[in-house]
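Below is the file my_file.cif, which contains mmCIF, C-alpha atoms and all ligand atoms.
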```cif
data_protein
loop_
_atom_site.label_atom_id
_atom_site.label_comp_id
_atom_site.auth_asym_id
_atom_site.auth_seq_id
_atom_site.Cartn_x
_atom_site.Cartn_y
_atom_site.Cartn_z
CA MET R 249 0.00 0.00 0.00
CA ASP R 250 1.28 3.50 -0.82
CA LEU R 251 1.72 5.59 2.30
CA THR R 252 2.42 9.32 2.44
CA LYS R 253 5.43 10.63 4.37
CA TYR R 254 3.19 11.56 7.30
CA GLU R 255 1.49 8.14 7.32
CA THR R 256 4.88 6.41 7.23
CA GLU R 257 5.99 8.48 10.22
CA MET R 258 2.82 7.49 12.05
CA LEU R 259 3.53 3.83 11.33
CA GLU R 260 7.12 4.21 12.55
CA GLY R 261 5.95 5.56 15.90
CA LYS R 262 6.99 9.21 15.45
CA HIS R 263 3.53 10.34 16.61
CA GLY R 264 3.22 8.11 19.66
CA ASN R 265 2.43 4.52 20.51
CA ALA R 266 -1.35 4.66 20.11
CA VAL R 267 -0.97 6.12 16.60
CA LYS R 268 1.70 3.52 15.76
CA LYS R 269 -0.51 0.65 16.92
CA SER R 270 -3.50 2.13 15.08
CA MET R 271 -1.54 2.53 11.84
CA SER R 272 -0.33 -1.05 12.01
CA ILE R 273 -3.97 -2.23 12.34
CA LEU R 274 -5.09 -0.10 9.36
CA VAL R 275 -2.14 -1.04 7.13
CA ALA R 276 -2.61 -4.76 7.89
CA LEU R 277 -6.32 -4.45 7.09
CA GLY R 278 -5.59 -2.53 3.87
CA GLU R 279 -3.12 -5.18 2.76
CA ILE R 280 -5.57 -8.03 3.44
CA TYR R 281 -8.28 -6.31 1.37
CA GLY R 282 -6.00 -5.02 -1.41
CA ALA R 283 -6.34 -1.30 -0.64
CA LYS R 284 -3.95 0.91 -2.61
CA LYS R 285 -3.90 3.75 -0.09
CA LEU R 286 -5.35 5.24 3.06
CA ILE R 287 -8.03 7.94 2.87
CA ASP R 288 -9.22 10.56 5.35
CA VAL R 289 -12.39 10.00 7.36
CA THR R 290 -14.59 12.70 8.87
CA SER R 291 -16.52 10.68 11.44
CA VAL R 292 -16.04 7.52 13.49
CA GLN R 293 -18.38 5.32 15.50
CA VAL R 294 -16.70 2.72 17.71
CA ALA R 295 -18.33 -0.58 18.72
CA GLY R 296 -17.09 -2.98 21.39
CA VAL R 297 -18.08 -0.78 24.33
CA SER R 298 -19.93 -3.21 26.60
CA TYR R 299 -17.72 -4.72 29.29
CA ASP R 300 -19.86 -7.85 28.79
CA ASN R 301 -18.18 -8.29 25.37
CA LEU R 302 -14.77 -6.69 26.08
CA GLY R 303 -13.79 -8.40 29.31
CA ASP R 304 -10.52 -7.50 31.07
CA ALA R 305 -8.38 -8.14 27.97
CA GLY R 306 -10.39 -5.52 26.02
CA LEU R 307 -10.19 -3.09 28.90
CA ASP R 308 -6.38 -3.48 29.04
CA PHE R 309 -6.15 -2.84 25.26
CA LEU R 310 -8.13 0.40 25.65
CA ALA R 311 -6.17 1.54 28.70
CA GLU R 312 -2.91 1.06 26.76
CA LEU R 313 -4.17 3.16 23.80
CA ALA R 314 -5.50 5.82 26.16
CA LYS R 315 -2.00 6.48 27.52
CA ASP R 316 -1.11 8.74 24.58
CA GLY R 317 -3.96 8.34 22.03
CA LYS R 318 -6.19 11.30 21.05
CA VAL R 319 -8.92 11.21 18.41
CA LYS R 320 -8.45 13.20 15.19
CA VAL R 321 -12.12 13.33 14.14
CA LEU R 322 -15.61 13.38 15.67
CA THR R 323 -16.06 10.00 17.36
CA THR R 324 -18.97 8.51 19.29
CA LEU R 325 -19.54 5.07 20.84
CA ASN R 326 -21.93 2.19 20.30
CA PRO R 327 -24.16 1.21 23.26
CA ALA R 328 -22.46 0.25 26.52
CA GLY R 329 -23.44 -2.62 28.78
CA MET R 330 -25.55 -0.40 31.03
CA ASP R 331 -27.28 2.94 31.45
CA LEU R 332 -24.34 4.95 32.72
CA GLU R 333 -26.50 6.91 35.19
CA ASN R 334 -29.52 4.76 35.98
CA TYR R 335 -28.06 1.24 36.01
CA LYS R 336 -29.23 0.28 39.53
CA ASN R 337 -32.89 0.77 38.59
CA LEU R 338 -32.33 -1.63 35.68
CA GLY R 339 -30.87 -4.39 37.85
CA ILE R 340 -27.19 -4.10 36.80
CA SER R 341 -24.68 -5.23 39.43
CA GLU R 342 -22.19 -2.85 41.04
CA ASP R 343 -19.26 -5.12 40.03
CA PHE R 344 -20.24 -4.84 36.36
CA ALA R 345 -20.81 -1.08 36.70
CA VAL R 346 -17.30 -0.50 38.07
CA LYS R 347 -15.71 -2.24 35.04
CA GLN R 348 -18.06 -0.57 32.54
CA LYS R 349 -17.17 2.85 33.93
CA LEU R 350 -13.43 2.10 33.47
CA VAL R 351 -14.11 1.29 29.80
CA ILE R 352 -15.93 4.60 29.33
CA GLU R 353 -13.16 6.51 31.12
CA ALA R 354 -10.55 5.06 28.75
CA PHE R 355 -12.58 6.17 25.71
CA ALA R 356 -13.15 9.63 27.25
CA LYS R 357 -9.41 10.01 27.86
CA MET R 358 -8.88 9.58 24.12
CA GLY R 359 -11.26 12.48 23.42
CA ILE R 360 -14.17 10.32 22.27
CA LEU R 361 -17.65 11.67 22.96
CA THR R 362 -18.98 9.05 25.34
CA THR R 363 -22.46 9.18 23.86
CA CYS R 364 -23.23 5.49 23.52
CA THR R 365 -25.66 4.87 20.69
CA CYS R 366 -26.22 2.79 17.58
CA THR R 367 -28.02 5.77 15.97
CA PRO R 368 -25.21 8.35 15.92
CA TYR R 369 -26.97 10.00 12.96
CA LEU R 370 -29.85 11.01 15.30
CA ILE R 371 -27.66 12.81 17.83
CA GLY R 372 -25.21 14.91 15.82
CA ASN R 373 -22.65 12.42 14.49
CA ASN R 374 -24.30 12.81 11.14
CA PRO R 375 -22.12 12.79 8.00
CA HIS R 376 -23.37 14.00 4.64
CA TYR R 377 -23.65 12.35 1.24
CA GLY R 378 -20.36 11.10 -0.18
CA GLN R 379 -18.25 11.58 2.96
CA HIS R 380 -15.87 8.78 3.96
CA ILE R 381 -16.42 7.62 7.53
CA ALA R 382 -15.49 4.61 9.70
CA TRP R 383 -18.46 3.21 11.61
CA SER R 384 -18.77 -0.15 13.32
CA GLU R 385 -22.38 -0.85 14.26
CA SER R 386 -23.92 -2.87 11.43
CA SER R 387 -27.33 -1.14 11.47
CA ALA R 388 -25.70 2.30 11.46
CA VAL R 389 -23.35 1.23 8.66
CA ALA R 390 -26.27 0.11 6.47
CA TYR R 391 -28.14 3.33 7.30
CA ALA R 392 -25.11 5.56 6.63
CA ASN R 393 -24.25 3.95 3.30
CA SER R 394 -27.82 3.60 2.08
CA VAL R 395 -30.01 6.34 3.56
CA ILE R 396 -27.40 9.09 3.99
CA GLY R 397 -25.08 8.10 1.14
CA ALA R 398 -21.92 8.37 3.25
CA MET R 399 -19.27 5.69 2.65
CA THR R 400 -18.15 3.20 5.28
CA ASN R 401 -17.13 -0.40 5.65
CA ARG R 402 -18.46 -2.30 8.62
CA GLU R 403 -15.53 -1.75 10.93
CA GLY R 404 -14.59 -3.87 13.89
CA GLY R 405 -14.15 -2.07 17.22
CA PRO R 406 -10.31 -1.94 17.00
CA SER R 407 -10.20 -0.77 13.36
CA ALA R 408 -12.77 1.98 14.01
CA LEU R 409 -10.77 3.12 17.02
CA ALA R 410 -7.61 3.05 14.89
CA SER R 411 -9.39 5.33 12.38
CA ALA R 412 -10.42 7.67 15.19
CA LEU R 413 -6.83 7.96 16.43
CA THR R 414 -5.36 8.56 12.96
CA GLY R 415 -8.22 10.07 10.93
CA LYS R 416 -7.55 7.42 8.25
CA THR R 417 -9.06 4.23 6.80
CA PRO R 418 -7.87 1.91 4.00
CA GLU R 419 -9.61 2.53 0.68
CA TYR R 420 -11.47 -0.69 -0.17
CA GLY R 421 -14.99 -2.14 -0.09
CA MET R 422 -17.73 0.47 0.44
CA HIS R 423 -15.25 3.34 -0.10
CA LEU R 424 -15.12 2.46 -3.82
CA GLU R 425 -18.13 3.43 -5.95
CA ALA R 426 -18.12 0.24 -8.02
CA ASN R 427 -18.64 -1.96 -4.94
CA ARG R 428 -21.73 0.00 -3.93
CA ASN R 429 -23.77 -0.80 -7.03
CA ALA R 430 -26.82 -3.03 -6.66
CA GLN R 431 -26.31 -6.63 -7.75
CA ILE R 432 -29.90 -7.85 -7.53
CA LYS R 433 -33.33 -6.26 -7.89
CA VAL R 434 -35.95 -7.05 -5.25
CA LYS R 435 -39.57 -6.37 -6.13
CA VAL R 436 -41.67 -6.05 -2.97
CA GLU R 437 -45.28 -7.14 -3.52
CA ALA R 438 -46.46 -6.67 0.05
CA GLU R 439 -47.91 -3.91 2.21
CA ILE R 440 -45.00 -2.70 4.36
CA LYS R 441 -45.82 -0.15 7.03
CA GLY R 442 -44.45 0.35 10.54
CA THR R 443 -41.08 -0.48 12.05
CA TYR R 444 -41.97 -4.14 12.74
CA LEU R 445 -42.92 -4.83 9.11
CA PHE R 446 -39.85 -3.02 7.76
CA GLY R 447 -37.90 -5.29 10.13
CA ALA R 448 -39.68 -8.36 8.75
CA LEU R 449 -38.91 -7.19 5.20
CA GLY R 450 -35.21 -6.83 6.10
CA LYS R 451 -35.26 -10.38 7.45
CA VAL R 452 -36.83 -11.81 4.28
CA ILE R 453 -34.52 -9.91 1.91
CA GLY R 454 -31.40 -10.54 4.05
CA GLU R 455 -32.05 -14.26 4.16
CA LYS R 456 -32.62 -14.38 0.38
CA VAL R 457 -29.74 -12.25 -0.92
CA LYS R 458 -27.22 -12.43 1.96
CA SER R 459 -24.79 -9.51 1.73
CA LYS R 460 -25.42 -8.55 -1.92
CA PRO R 461 -26.32 -4.87 -2.46
CA THR R 462 -29.99 -4.75 -3.49
CA TYR R 463 -32.16 -2.46 -5.58
CA ILE R 464 -35.57 -2.56 -3.89
CA THR R 465 -38.79 -1.50 -5.60
CA GLY R 466 -42.41 -1.41 -4.42
CA ILE R 467 -41.93 0.65 -1.25
CA LYS R 468 -44.00 3.82 -1.59
CA GLU R 469 -42.75 5.67 1.47
CA ALA R 470 -40.59 5.11 4.53
CA THR R 471 -39.93 7.12 7.68
CA VAL R 472 -36.51 7.51 9.33
CA GLU R 473 -37.64 5.03 12.00
CA GLU R 474 -38.76 2.48 9.41
CA LEU R 475 -35.47 2.84 7.53
CA LYS R 476 -33.41 2.41 10.71
CA SER R 477 -35.40 -0.75 11.51
CA PHE R 478 -34.92 -2.05 7.96
CA SER R 479 -31.18 -1.22 7.99
CA ALA R 480 -30.73 -3.15 11.25
CA SER R 481 -32.66 -6.13 10.00
CA ILE R 482 -31.15 -6.50 6.51
CA ALA R 483 -27.66 -6.23 8.05
CA THR R 484 -28.45 -8.77 10.77
CA TYR R 485 -30.14 -11.41 8.65
CA GLY R 486 -28.00 -11.04 5.54
CA GLY R 487 -24.94 -8.94 6.30
CA ALA R 488 -25.54 -6.21 3.70
CA ALA R 489 -23.67 -2.94 4.19
CA ILE R 490 -25.75 -1.09 1.56
CA PHE R 491 -29.15 -1.21 -0.14
CA HIS R 492 -30.93 1.03 -2.61
CA MET R 493 -34.65 1.76 -2.28
CA GLU R 494 -36.21 3.21 -5.40
CA GLU R 495 -37.20 6.88 -4.98
CA ILE R 496 -36.30 6.77 -1.27
CA THR R 497 -32.50 6.43 -0.93
CA PRO R 498 -30.10 8.87 -2.64
CA ASN R 499 -27.33 6.74 -4.23
CA LYS R 500 -27.18 6.23 -8.00
CA THR R 501 -26.81 2.65 -9.23
CA PRO R 502 -27.41 0.77 -12.46
CA VAL R 503 -30.55 -1.36 -12.05
CA PRO R 504 -29.58 -5.06 -12.09
CA SER R 505 -31.28 -7.45 -14.52
CA GLU R 506 -31.54 -10.34 -12.03
CA GLU R 507 -34.81 -9.91 -10.15
CA ILE R 508 -36.54 -11.67 -7.26
CA THR R 509 -39.88 -10.99 -5.61
CA VAL R 510 -40.92 -10.71 -1.96
CA THR R 511 -44.54 -11.70 -1.45
CA GLN R 512 -47.06 -10.88 1.25
CA GLU R 513 -47.02 -14.55 2.25
CA GLU R 514 -43.26 -14.41 2.88
CA ILE R 515 -43.66 -11.33 5.07
CA ASP R 516 -46.48 -13.00 7.03
CA LYS R 517 -44.31 -16.09 7.54
CA ALA R 518 -41.39 -13.97 8.74
CA VAL R 519 -43.67 -12.30 11.30
CA GLU R 520 -45.01 -15.72 12.39
CA SER R 521 -41.45 -17.01 12.87
CA MET R 522 -40.86 -14.18 15.35
CA ASP R 523 -44.11 -14.79 17.24
CA MET R 524 -43.44 -17.62 19.67
CA ASP R 525 -45.93 -19.20 21.99
CA SER R 526 -44.98 -17.79 25.39
CA GLU R 527 -46.09 -15.35 28.08
CA VAL R 528 -44.38 -11.98 27.58
CA ASP R 529 -42.47 -10.76 30.65
CA PHE R 530 -40.24 -8.12 29.02
CA ILE R 531 -41.07 -5.41 26.51
CA SER R 532 -38.58 -3.23 24.71
CA VAL R 533 -38.67 -0.46 22.14
CA GLY R 534 -35.52 1.11 20.73
CA CYS R 535 -33.56 -1.34 18.60
CA PRO R 536 -31.94 0.57 16.93
CA HIS R 537 -32.11 3.28 19.59
CA ALA R 538 -35.47 5.05 19.77
CA SER R 539 -35.84 8.42 18.08
CA ILE R 540 -37.60 11.35 19.77
CA ASN R 541 -40.53 10.66 17.44
CA GLU R 542 -40.88 7.10 18.74
CA ILE R 543 -40.65 8.32 22.33
CA ALA R 544 -43.34 10.95 21.68
CA LYS R 545 -45.57 8.20 20.27
CA LEU R 546 -44.97 6.01 23.34
CA ALA R 547 -45.82 8.93 25.62
CA GLU R 548 -49.10 9.38 23.76
CA LEU R 549 -49.91 5.66 24.07
CA LEU R 550 -48.86 5.30 27.72
CA LYS R 551 -50.41 8.52 29.07
CA GLY R 552 -52.42 7.76 32.24
CA LYS R 553 -51.75 3.97 31.98
CA LYS R 554 -49.76 1.58 34.19
CA VAL R 555 -47.53 -1.14 32.81
CA THR R 556 -47.61 -4.56 34.45
CA LYS R 557 -44.36 -5.87 32.97
CA GLU R 558 -40.74 -4.77 32.74
CA PHE R 559 -40.71 -2.26 29.86
CA TRP R 560 -37.47 -0.68 28.61
CA ILE R 561 -37.08 2.12 26.09
CA THR R 562 -33.49 2.03 24.88
CA THR R 563 -32.19 5.28 23.46
CA ALA R 564 -29.29 7.70 23.25
CA ARG R 565 -28.81 9.98 26.24
CA PRO R 566 -29.20 13.22 24.19
CA THR R 567 -32.55 11.88 22.91
CA LEU R 568 -33.60 11.09 26.50
CA LYS R 569 -32.66 14.67 27.48
CA ILE R 570 -35.00 16.01 24.77
CA ALA R 571 -37.73 13.67 26.02
CA GLN R 572 -37.21 14.93 29.57
CA ALA R 573 -37.33 18.56 28.49
CA ASN R 574 -40.56 18.00 26.61
CA GLY R 575 -42.38 16.04 29.33
CA TYR R 576 -42.50 12.75 27.37
CA ALA R 577 -40.12 11.02 29.77
CA LYS R 578 -42.27 11.86 32.81
CA ILE R 579 -45.42 10.48 31.18
CA ILE R 580 -43.57 7.28 30.31
CA THR R 581 -41.91 6.74 33.69
CA ASP R 582 -45.15 7.65 35.54
CA ALA R 583 -46.68 4.72 33.63
CA GLY R 584 -43.96 2.47 35.06
CA ALA R 585 -41.86 2.01 31.90
CA LYS R 586 -38.12 2.63 32.21
CA PHE R 587 -35.55 4.38 30.06
CA ALA R 588 -32.33 2.51 29.43
CA ALA R 589 -30.12 5.18 27.87
CA ASP R 590 -26.57 4.42 26.60
CA THR R 591 -27.32 0.68 26.36
CA CYS R 592 -29.57 -1.92 24.76
CA CYS R 593 -31.16 -5.29 25.51
CA VAL R 594 -28.51 -7.11 23.52
CA VAL R 595 -25.33 -5.68 25.03
CA ALA R 596 -26.63 -5.42 28.62
CA PRO R 597 -25.90 -8.49 30.78
CA ILE R 598 -29.55 -9.65 31.09
CA LYS R 599 -29.31 -13.24 29.83
CA GLY R 600 -31.65 -15.48 31.85
CA ARG R 601 -33.58 -12.62 33.47
CA PHE R 602 -36.58 -12.75 31.13
CA LYS R 603 -38.46 -15.57 29.42
CA CYS R 604 -40.09 -13.77 26.49
CA LEU R 605 -39.27 -10.43 24.88
CA ALA R 606 -41.91 -8.49 22.94
CA THR R 607 -40.46 -5.86 20.62
CA ASP R 608 -41.06 -4.13 17.29
CA SER R 609 -37.50 -4.96 16.19
CA ALA R 610 -36.58 -7.93 14.00
CA LYS R 611 -32.92 -7.40 14.95
CA GLY R 612 -33.90 -7.37 18.63
CA CYS R 613 -35.73 -10.68 18.07
CA TYR R 614 -32.67 -12.24 16.43
CA TYR R 615 -30.34 -11.47 19.33
CA ALA R 616 -32.85 -12.01 22.15
CA TYR R 617 -33.34 -15.53 20.81
CA SER R 618 -29.77 -16.37 19.77
CA LYS R 619 -27.75 -14.56 22.45
CA ASN R 620 -30.07 -14.29 25.44
CA GLN R 621 -32.02 -17.50 24.71
CA SER R 622 -35.30 -15.71 25.26
CA LYS R 623 -38.57 -16.44 23.47
CA ILE R 624 -39.68 -13.59 21.19
CA LYS R 625 -42.78 -11.85 19.91
CA ILE R 626 -42.66 -9.13 17.27
CA MET R 627 -45.49 -6.61 17.05
CA PRO R 628 -46.20 -2.93 16.28
CA ILE R 629 -45.63 -0.31 19.00
CA GLU R 630 -49.38 0.08 19.63
CA LYS R 631 -49.68 -3.65 20.38
CA LEU R 632 -46.58 -3.57 22.59
CA VAL R 633 -48.25 -0.98 24.77
CA GLU R 634 -51.46 -3.07 24.90
CA GLU R 635 -49.34 -6.04 25.95
CA ALA R 636 -47.55 -3.95 28.57
CA ILE R 637 -50.71 -2.75 30.30
CA LYS R 638 -52.53 -6.10 30.17
CA ASP R 639 -53.21 -7.81 33.52
CA VAL R 640 -50.69 -10.50 34.45
CA LYS R 641 -52.17 -14.03 34.19
CA LYS R 642 -53.01 -15.48 37.60
FE1 LIG R 701 -28.69 -0.94 18.62
FE2 LIG R 701 -28.51 -2.83 20.39
FE3 LIG R 701 -30.27 -2.99 18.48
S1 LIG R 701 -26.83 -1.80 19.43
S2 LIG R 701 -29.33 -1.95 16.76
S3 LIG R 701 -30.25 -1.45 20.10
S4 LIG R 701 -29.02 -4.64 19.22
#
```

Go ahead and express the file in the form of structure tokens.
Ligand code: F3S
Amino acid sequence: MDLTKYETEMLEGKHGNAVKKSMSILVALGEIYGAKKLIDVTSVQVAGVSYDNLGDAGLDFLAELAKDGKVKVLTTLNPAGMDLENYKNLGISEDFAVKQKLVIEAFAKMGILTTCTCTPYLIGNNPHYGQHIAWSESSAVAYANSVIGAMTNREGGPSALASALTGKTPEYGMHLEANRNAQIKVKVEAEIKGTYLFGALGKVIGEKVKSKPTYITGIKEATVEELKSFSASIATYGGAAIFHMEEITPNKTPVPSEEITVTQEEIDKAVESMDMDSEVDFISVGCPHASINEIAKLAELLKGKKVTKEFWITTARPTLKIAQANGYAKIITDAGAKFAADTCCVVAPIKGRFKCLATDSAKGCYYAYSKNQSKIKIMPIEKLVEEAIKDVKK
């Protein structure tokens, strides 16, 4: 790979150990994927924040980098293993909290904004069309490439951090226009409305086409929330880093000749597969992290009601602050639901605590079942609230 004089100096350690280590990660990655050079990035989002996933080895790696590492570009974090302020109310142990706080401190020392969210684009880490960035979270990567038109590979935690500390990434994959073109056309012949059905559609398409970039037709309109749900789902079930939705997403692509169809029956079956026979004891909204619009809707639905089950709304802390300022948070917590800011039901250490999760997220269903071994039920937000306020079976 061709390196500039400055990049060579970084690799040789003339700009500190953290930069040296970061450059060696990026150069190794570039060589594996055949990149010709490094390019500048304008934004980074780092995953691998939960102590549940990092363990002590991960914490040591971060502490080492934090000795002399400082970020070069705007960088935020993926969800942590707990709400950094309200973890006791959510049943997180003090031992876990101590370790999680050390992880956050190491990131903060490097100059990273310790806003922990998988929807950085909703809270100010929001690149524009055509900008090169280095994001890790798969749902955010699919959203950034597809809905915003920024350019990012799906980075691992260490490579994203290396980009943050150097401002660079190897030029391969989604950073090259030719790799972003659709390879297969998907004609949707089904009524898709609401976050849970966009999630089901992502599951069906992801399972059919795997990681191939798609050109999707038949969707008349889609909200930001529906697109974030779809991005999470198509990336989870298939691994795609980009999709094109006719007249909705901004990227230009030749329309592929190979075409497949998604039918109403397939969508219904996908929903059925995420509707297991079990008594719901945990409800969650906010995978990917809830927007202020979703929180406003929940406040409207929960006003004057009382929930009878554990109900978490996972969101970014800045979004929670807006909800608090506007009175939505009070309505929701008065109803007995809880905010879990900075974290989510997949990265929090809650395995074994609940038997059946009800959610509007197909990605949430995938991980609740596979990682936390919980039964799952997918449904629209309105139905989740009905489920939450229903009397517990005697
Ligand atoms: Fe975000 Fe956690 Fe879902 S990181 S996309 S809320 S699994």

Choose the residue, out of R:Lys625, R:Lys451, R:Arg601, R:Lys458, that has the smallest atom-to-atom separation from Ser526 in chain R; count all atoms listed in the file. R:Lys625

Kindly compile the residues surrounding ligand LIG 701 (chain R) within 8 Å, counting all atoms listed in the file, and format them as JSON, numbers by chain. {"R": [326, 327, 365, 366, 367, 385, 386, 387, 388, 480, 534, 535, 536, 537, 562, 563, 591, 592, 593, 594, 595, 609, 611, 612, 615]}

Which is closer to Glu473 in chain R than all the others in R:Lys545, R:His376, R:Lys416, R:Lys460, using all atoms listed in the file?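 Nearest candidate to Glu473 in chain R out of R:Lys545, R:His376, R:Lys416, R:Lys460: R:Lys545.
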
Atom pair CA of Val395 in chain R / CA of Pro498 in chain R: separation (Å):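 According to the coordinates, CA of Val395 in chain R and CA of Pro498 in chain R are separated by 6.7 Å.
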
Given all atoms listed in the file as the counted atoms, nearest of R:Ala588, R:Ile543, R:Asp639, R:Gly454 to Asp529 in chain R: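 Using all atoms listed in the file, Asp529 in chain R sits closest to R:Asp639.
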
Check the smallest atom-to-atom distance from each of R:Leu546, R:Ile453, R:Met422, R:Ala538 to Arg402 in chain R using only C-alpha atoms, then report the winner. R:Met422

Can you work out the spacing between CA of Val294 in chain R and CA of Leu325 in chain R in Å, to one decimal? 4.8 Å

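Between CA of Lys315 in chain R and CA of Lys253 in chain R there is a distance of 24.7 Å.
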
For the point (-50.5, 2.8, 24.3) in the file's frame, write as a PyMOL selection string all residues with an atom no more than 7 Å away, counting all atoms listed in the file. chain R and resi 546+548-550+630+633-634

Keeping only C-alpha atoms, take the residues you just selected and write them out as an mmCIF file, in the frame of the given file.
```cif
data_model
loop_
_atom_site.group_PDB
_atom_site.id
_atom_site.type_symbol
_atom_site.label_atom_id
_atom_site.label_comp_id
_atom_site.auth_asym_id
_atom_site.auth_seq_id
_atom_site.Cartn_x
_atom_site.Cartn_y
_atom_site.Cartn_z
ATOM 1 C CA LEU R 546 -44.970 6.010 23.340
ATOM 2 C CA GLU R 548 -49.100 9.380 23.760
ATOM 3 C CA LEU R 549 -49.910 5.660 24.070
ATOM 4 C CA LEU R 550 -48.860 5.300 27.720
ATOM 5 C CA GLU R 630 -49.380 0.080 19.630
ATOM 6 C CA VAL R 633 -48.250 -0.980 24.770
ATOM 7 C CA GLU R 634 -51.460 -3.070 24.900
#
```

Would you list the contacts of range 369-374 of chain R as a ChimeraX atom specification, taking every protein, DNA or RNA residue within 8 Å and counting all atoms listed in the file, but skipping same-chain residues closer than 2 positions in sequence? /R:291,322-324,367,376,388,392,539,564,566-567

Extract, using all atoms listed in the file, all DNA, RNA and protein residues at most 12 Å from Val297 in chain R, discarding same-chain residues fewer than 3 positions from it, and format them as a PDB file with C-alpha atoms, in the frame of the given file.
```pdb
ATOM      1  CA  GLN R 293     -18.380   5.320  15.500  1.00  0.00           C
ATOM      2  CA  VAL R 294     -16.700   2.720  17.710  1.00  0.00           C
ATOM      3  CA  ASP R 300     -19.860  -7.850  28.790  1.00  0.00           C
ATOM      4  CA  ASN R 301     -18.180  -8.290  25.370  1.00  0.00           C
ATOM      5  CA  LEU R 302     -14.770  -6.690  26.080  1.00  0.00           C
ATOM      6  CA  GLY R 303     -13.790  -8.400  29.310  1.00  0.00           C
ATOM      7  CA  GLY R 306     -10.390  -5.520  26.020  1.00  0.00           C
ATOM      8  CA  LEU R 307     -10.190  -3.090  28.900  1.00  0.00           C
ATOM      9  CA  LEU R 310      -8.130   0.400  25.650  1.00  0.00           C
ATOM     10  CA  THR R 324     -18.970   8.510  19.290  1.00  0.00           C
ATOM     11  CA  LEU R 325     -19.540   5.070  20.840  1.00  0.00           C
ATOM     12  CA  ASN R 326     -21.930   2.190  20.300  1.00  0.00           C
ATOM     13  CA  PRO R 327     -24.160   1.210  23.260  1.00  0.00           C
ATOM     14  CA  ALA R 328     -22.460   0.250  26.520  1.00  0.00           C
ATOM     15  CA  GLY R 329     -23.440  -2.620  28.780  1.00  0.00           C
ATOM     16  CA  MET R 330     -25.550  -0.400  31.030  1.00  0.00           C
ATOM     17  CA  LEU R 332     -24.340   4.950  32.720  1.00  0.00           C
ATOM     18  CA  LYS R 347     -15.710  -2.240  35.040  1.00  0.00           C
ATOM     19  CA  GLN R 348     -18.060  -0.570  32.540  1.00  0.00           C
ATOM     20  CA  LYS R 349     -17.170   2.850  33.930  1.00  0.00           C
ATOM     21  CA  LEU R 350     -13.430   2.100  33.470  1.00  0.00           C
ATOM     22  CA  VAL R 351     -14.110   1.290  29.800  1.00  0.00           C
ATOM     23  CA  ILE R 352     -15.930   4.600  29.330  1.00  0.00           C
ATOM     24  CA  GLU R 353     -13.160   6.510  31.120  1.00  0.00           C
ATOM     25  CA  ALA R 354     -10.550   5.060  28.750  1.00  0.00           C
ATOM     26  CA  PHE R 355     -12.580   6.170  25.710  1.00  0.00           C
ATOM     27  CA  ALA R 356     -13.150   9.630  27.250  1.00  0.00           C
ATOM     28  CA  ILE R 360     -14.170  10.320  22.270  1.00  0.00           C
ATOM     29  CA  THR R 362     -18.980   9.050  25.340  1.00  0.00           C
ATOM     30  CA  THR R 363     -22.460   9.180  23.860  1.00  0.00           C
ATOM     31  CA  CYS R 364     -23.230   5.490  23.520  1.00  0.00           C
ATOM     32  CA  THR R 365     -25.660   4.870  20.690  1.00  0.00           C
ATOM     33  CA  CYS R 366     -26.220   2.790  17.580  1.00  0.00           C
ATOM     34  CA  SER R 384     -18.770  -0.150  13.320  1.00  0.00           C
ATOM     35  CA  GLU R 385     -22.380  -0.850  14.260  1.00  0.00           C
ATOM     36  CA  GLY R 404     -14.590  -3.870  13.890  1.00  0.00           C
ATOM     37  CA  GLY R 405     -14.150  -2.070  17.220  1.00  0.00           C
ATOM     38  CA  PRO R 406     -10.310  -1.940  17.000  1.00  0.00           C
ATOM     39  CA  ALA R 408     -12.770   1.980  14.010  1.00  0.00           C
ATOM     40  CA  LEU R 409     -10.770   3.120  17.020  1.00  0.00           C
ATOM     41  CA  ASP R 590     -26.570   4.420  26.600  1.00  0.00           C
ATOM     42  CA  THR R 591     -27.320   0.680  26.360  1.00  0.00           C
ATOM     43  CA  CYS R 592     -29.570  -1.920  24.760  1.00  0.00           C
ATOM     44  CA  VAL R 595     -25.330  -5.680  25.030  1.00  0.00           C
ATOM     45  CA  ALA R 596     -26.630  -5.420  28.620  1.00  0.00           C
TER      46      ALA R 596
END
```

For Ile561 in chain R, which residue out of R:Asp304, R:Glu542, R:Glu474, R:Glu635 is the nearest one, using only C-alpha atoms?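 Nearest to Ile561 in chain R: R:Glu542.
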